[in-house]
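Working notes, structure below.
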Amino acid sequence: MNAGPEWWEDHNAKSLRSKVSCLRGLVELLETEINLTAKVPKLMAQPQLSRRVFLVHGHHDGLLYEVARYLEKLNLAAVILREQPSGGRTIIEKFVDYADVGYAVVLLTPDDRGGLVKAAYEEQRPRARQNVILELGYFLGKLSRNRVTALHMGDVEIPSDYSGAAFVAVDDRGAWRIELARELKASGLEIDMNLAL
């Protein structure tokens with residue numbers, strides 16, 4: 001093989017043409033990508049979640065106010081329906097109007113008992129009030145599972161259709177506070193975890 005200057009010149013020219021051809025192909029591919037991207041509608045910016053948190057509750061006022069003060073400590077606004085003015089509305093109208101929130105915390109406290117009709121009283125289990133279960137379902141539909149947390153107290157019955165969602169047990173040590181703060185943060189709310197302690 002003769003590797004004289006002419007051969008090297010010819011070899012370099014072929015190599016350069018090959019590289020230019022490759023670059024043209026890449027430019028064409030990039031232009032196609034840019035054109036396709038321009039045709040895709042721009043995603044709207046995600047609106048900031050409301051910092052209002054609806055508190056669904058039964059008859060356990062101690063837990064209700066403990067959770068409300070904790071939410072306020074996290075710089076969230078606790079919405080307790082009975083504290084809001086009715087303005088001549090029915091209870092359901094008032095509920096729907098105040099349900100425009102970024103998150104819901106549902107307190108499942110043992111305020112009722114229930115079980116099968118034929119079951120003896122001793123076989124009935126502690127349950128949350130019926131309105132609490134109804135409002136839990138409402139917020140699951142309105143906000144989705146990732147923006148609803150149920151705090152449950154004691155041996156209260158958990159609705160079977162709600163399995164797989166966020167349940168946090170209210171414990172005497174207060175570990176529920178950290179778990180609730182994590183759920184709030186995971187939903188997209190800005191939570192300073194230093195305040196959660």
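Identifiers in the structure tokens: chain A, B, ... in order shown; residue index from 1 per chain; ligand index from 1 in order shown.
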request  = Identify, on the basis of only C-alpha atoms, every residue whose closest approach to A:Tyr65 does not exceed 12 Å; exclude the query and any residue fewer than 3 positions from it along the same chain; express the result as an MDAnalysis selection string.
outcome  = chainID A and resid 55:62 68:72 78:80 83 107
task = Name all residues at most 7 Å from stretch 132-140 of chain A (count only C-alpha atoms; drop same-chain ones fewer than 3 positions away) and give them as a count of residues only.
result = 11
query = Smallest atom-to-atom distance to A:Asn146: which of A:Ala99, A:Leu189, A:Ile178, A:Ala119, using only C-alpha atoms?
reply =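 With only C-alpha atoms as the atom set, the closest residue is A:Leu189.
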query = Could you state the separation of atom CA of A:Leu108 and atom CA of A:Ala175 in Å, given to one decimal place?
reply =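 Spanning atom CA of A:Leu108 to atom CA of A:Ala175 is a straight-line distance of 16.8 Å.
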ask   = Using only C-alpha atoms, which of the listed residues (A:Leu30, A:Pro110, A:Leu64, A:Ala196) sits closest to A:Arg177?
value =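 Closest to A:Arg177, using only C-alpha atoms: A:Ala196.
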message = Using Å and a single decimal, report how far atom CA of A:Leu180 sits from atom CA of A:Gly114.
response =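 Atom-to-atom, atom CA of A:Gly114 and atom CA of A:Leu180 are spaced 27.5 Å apart.
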inquiry  = If I take atom CA of A:Ser50 and atom CA of A:Val101, how far is one from the other in Å, to one decimal?
reply    =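 Going from atom CA of A:Ser50 over to atom CA of A:Val101 covers 5.7 Å.
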task = For A:Asp97, list every protein, DNA or RNA residue within 12 Å, evaluated using only C-alpha atoms, and leave out those in the same chain fewer than 5 positions away; present the list as JSON, numbers by chain.
result = {"A": [54, 79, 81, 84, 85, 86, 87, 89, 90, 91, 92]}
query = What residues in stretch 69-116 of chain A get the DSSP label helix (DSSP H, G or I)? Please answer as number ranges by chain.
reply = A: 69-73, 81-83, 91-98
query = Which is closer to A:Glu66 than all the others in A:Leu49, A:Val170, A:Ala3, A:Ala120, using only C-alpha atoms?
reply =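 The shortest atom-to-atom distance to A:Glu66 comes from A:Val170.
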ask   = Excluding same-chain residues fewer than 3 positions from A:Arg113, what lies within 6 Å of it counting only C-alpha atoms, as a list in words?
value =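 Once the nearby chain positions are removed, what remains is Gln124, Arg125, Pro126 and Arg127 of chain A.
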Store the residues of this selection in a file with C-alpha atoms, as an mmCIF file, in the first residue's frame.
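The result, stored in again30.cif:
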```
data_model
loop_
_atom_site.group_PDB
_atom_site.id
_atom_site.type_symbol
_atom_site.label_atom_id
_atom_site.label_comp_id
_atom_site.auth_asym_id
_atom_site.auth_seq_id
_atom_site.Cartn_x
_atom_site.Cartn_y
_atom_site.Cartn_z
ATOM 1 C CA GLN A 124 -70.272 -4.108 67.201
ATOM 2 C CA ARG A 125 -67.120 -2.140 66.488
ATOM 3 C CA PRO A 126 -66.280 1.492 67.185
ATOM 4 C CA ARG A 127 -66.891 3.604 64.074
#
```
task = Determine which residues of stretch 30-196 of chain A receive a DSSP assignment of strand (DSSP E), computed from the backbone, and state them as JSON, numbers by chain.
result = {"A": [52, 53, 54, 55, 56, 77, 78, 79, 103, 104, 105, 106, 107, 108, 112, 113, 114, 125, 126, 127, 148, 149, 150, 151, 152, 167, 168, 169]}
Counting only C-alpha atoms, the option among A:Glu28, A:Leu184, A:Thr149, A:Glu9 closest to A:Val168 =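 For A:Val168, the nearest of the candidates is A:Thr149.
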message = Could you check the closest approach to A:Tyr162 for each of A:Arg82, A:Val67, A:Ala150, A:Asp10 and tell me which residue wins, using only C-alpha atoms?
response = A:Ala150
query = Looking at only C-alpha atoms, which of A:Val156, A:Leu116, A:Leu63, A:Leu197 is the one that sits closest to A:Ala181?
reply =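 Smallest distance to A:Ala181 is found for A:Leu197.
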